[in-house]
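Below is one structure, written out as structure tokens; the observations come after it.
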Amino acid sequence: MTSAYDPANPLADASPCPHCGAFARIVKSDELRFACGVCGAPRIPAQELSGRELEPLKAAQAARRSRFLWRFGGLFASAVGAAGVLMTLLLALILGWGGAAFGFALALPFIVLAIVALARVGGKSTQISEALKEAWKSAARDVVMRAEHGITPAHLAKVLPLSEAGAESLLTEISVEDAFQSRITDEGKIVVMPAGGTSLRIDAAAQGAGRTIPEQPADPLEARFAELEQSMAEEEEQAKRHQKNQS
């Protein structure tokens with residue numbers, strides 16, 4: 001979680017950035033939600049995550065770099081293309097339509113490049129949004145897998161710096177996955193928990209390495225009851241067979 005900037009302690013709440021390696025604070029970002037205070041790459045201000053969120057975060061950063069290059073190229077091509085159109089008009093006035101065709105032929109490649117760059121910028125923006133969505137879904141999965149009794153949107157919003165509506169949207173999306181099960185409270189709020197009551201413990205030493213350690217079922221009595229039920233079923237089946245043989 002981020003906190004107010006303290007001039008006396010500028011590195012408060014700072015942590016290593018997985019993108020640039022700098023020991024930096026996480027700051028709010030209009031597009032990325034949260035970003036590294038040094039390199040501006042997207043980050044998620046939460047502790048004890050599995051590390052699976054790093055791949056989509058890096059994909060979002062790569063898309064940001066590519067978008068910057070396409071945006072710069074588009075601006076350059078637009079400027080040259082606009083100059084070419086003006087030159088075409090001047091040549092048309094001086095040399096007639098023959099000169100105008102020559103000027104248009106020179107400006108056409110830059111006009112096409114500007115159009116392509118505009119489309120690529122839009123595509124890269126979509127890639128950034130989708131990658132960030134996957135990263136935050138991964139973080140939400142990690143939080144849910146540590147909670148054997150389930151997570152509500154209000155709880156998730158406290159662990160991850162999200163609005164309750166945003167947390168509810170994340171929980172709704174991951175609730176349909178096989179690893180989770182969900183229920184609706186009397187207040188109409190969704191509660192998501194690991195399927196089968198099995199939780200995952202995030203290895204603190206492996207934080208950021210994408211490794212998780214499976215734990216045993218939360219209630220060991222469940223396994224004993226299952227064994228007892230199986231034994232009783234087998235005895236009942238044997239009794240039925242014995243009675244059938246006697247008859």
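For the structure tokens, the naming scheme is as follows: chains receive sequential letters (A, B, ...) according to their order of presentation, residues are indexed from 1 within each chain, and ligands are indexed from 1 in presentation order.
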May I have a table of the residues of stretch 110-197 of chain A lying at most 9 Å from stretch 20-42 of chain A, giving each one's closest pair of atoms and their distance in Å to one decimal, counting only C-alpha atoms, ordered by chain and ascending residue number, as a tab-separated table?
residue	atom	partner	partner_atom	distance
A:Ile128	CA	A:Leu32	CA	8.5
A:Ser129	CA	A:Leu32	CA	8.2
A:Leu132	CA	A:Leu32	CA	7.4
Could those residues be written to a file, using C-alpha atoms, as a compact mmCIF listing (two decimals), in the first residue's frame?
# COMPACT_ATOMS: atom_id res chain seq x y z
CA ILE A 128 -1.60 -2.48 -21.83
CA SER A 129 -5.13 -2.58 -20.45
CA LEU A 132 -2.79 -4.96 -16.37
Next item on the list: Name the residues of stretch 40-233 of chain A that come out as strand (DSSP E) in a backbone DSSP run; write them as a ChimeraX atom specification.
Entry: /A:180-184,190-194,200-202,212-214
Checklist line | Minimum-distance residue to A:Ala62, chosen among A:Thr88, A:Ser50, A:Ser15, A:Gln127 (using only C-alpha atoms) | finding: A:Gln127
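Omitting A:Val112 and its sequence neighbours fewer than 4 positions away, and counting only C-alpha atoms, the residues within 10 Å are Gly74, Ala77, Ser78, Gly81, Ala107, Leu108, Val116, Ala117 and Leu118 of chain A.
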Quick one: write out the picked residues with C-alpha atoms as a CSV table (one decimal), in the first residue's frame?
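Final output, saved to selection_1.csv:
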chain,number,residue,atom,x,y,z
A,74,GLY,CA,3.2,8.8,-35.9
A,77,ALA,CA,5.1,11.1,-40.1
A,78,SER,CA,2.1,13.4,-39.5
A,81,GLY,CA,2.9,14.3,-44.3
A,107,ALA,CA,4.0,12.7,-49.1
A,108,LEU,CA,1.9,9.5,-49.5
A,116,VAL,CA,-0.6,2.9,-39.4
A,117,ALA,CA,1.0,4.5,-36.3
A,118,LEU,CA,-2.4,5.7,-35.1
Notebook entry, point to check: Looking at only C-alpha atoms, which of A:Lys58, A:Glu236, A:Trp70, A:Val192 is the one that sits closest to A:Ala119?
Noted result: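 Between A:Lys58, A:Glu236, A:Trp70, A:Val192, the residue approaching A:Ala119 most closely is A:Trp70.
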Check: Please, what distance in Å, to one decimal, runs between atom CA of A:Leu156 and atom CA of A:Ala14?
Finding: 22.0 Å
Item checked: A:Lys158 surroundings by only C-alpha atoms, 12 Å radius, close-in-sequence under 3 positions cut, as a ChimeraX atom specification -> /A:1,45-46,140,143,151-155,161-164,166-167
Can you write out the residues you just picked, keeping N, CA and C atoms, as a compact mmCIF listing (two decimals), in the first residue's frame?
# COMPACT_ATOMS: atom_id res chain seq x y z
N MET A 1 0.84 -1.19 0.00
CA MET A 1 0.00 0.00 0.00
C MET A 1 0.88 1.24 0.00
N PRO A 45 1.04 -2.62 -5.51
CA PRO A 45 1.52 -2.43 -4.14
C PRO A 45 0.89 -3.40 -3.16
N ALA A 46 1.35 -4.64 -3.19
CA ALA A 46 0.85 -5.67 -2.27
C ALA A 46 2.01 -6.59 -1.91
N ALA A 140 -5.22 -11.02 -7.22
CA ALA A 140 -6.45 -11.40 -6.52
C ALA A 140 -6.48 -12.90 -6.25
N VAL A 143 -4.38 -13.67 -3.19
CA VAL A 143 -5.05 -13.29 -1.94
C VAL A 143 -6.11 -14.32 -1.57
N ILE A 151 -12.92 -14.78 0.62
CA ILE A 151 -12.62 -13.36 0.54
C ILE A 151 -13.84 -12.61 0.01
N THR A 152 -14.19 -11.54 0.67
CA THR A 152 -15.26 -10.67 0.20
C THR A 152 -14.64 -9.48 -0.54
N PRO A 153 -15.42 -8.76 -1.35
CA PRO A 153 -14.88 -7.58 -2.02
C PRO A 153 -14.29 -6.56 -1.05
N ALA A 154 -14.94 -6.37 0.10
CA ALA A 154 -14.43 -5.40 1.07
C ALA A 154 -13.05 -5.82 1.59
N HIS A 155 -12.87 -7.12 1.85
CA HIS A 155 -11.59 -7.62 2.33
C HIS A 155 -10.53 -7.48 1.25
N PRO A 161 -4.97 -2.32 -3.15
CA PRO A 161 -5.50 -0.95 -3.17
C PRO A 161 -6.49 -0.75 -4.31
N LEU A 162 -7.71 -1.25 -4.09
CA LEU A 162 -8.77 -1.16 -5.08
C LEU A 162 -10.03 -0.58 -4.46
N SER A 163 -10.91 -0.10 -5.30
CA SER A 163 -12.24 0.24 -4.82
C SER A 163 -13.00 -1.06 -4.60
N GLU A 164 -14.05 -1.03 -3.77
CA GLU A 164 -14.81 -2.24 -3.51
C GLU A 164 -15.48 -2.74 -4.79
N GLY A 166 -14.24 -2.40 -7.83
CA GLY A 166 -13.19 -3.05 -8.60
C GLY A 166 -12.83 -4.41 -8.05
N ALA A 167 -12.80 -4.53 -6.71
CA ALA A 167 -12.51 -5.81 -6.08
C ALA A 167 -13.60 -6.83 -6.38
Next item on the list: Looking only at alpha helix (DSSP H) from DSSP on the backbone, list the matching residues of stretch 94-180 of chain A as a ChimeraX atom specification.
Entry: /A:94-95,97-145,153-159,164-174
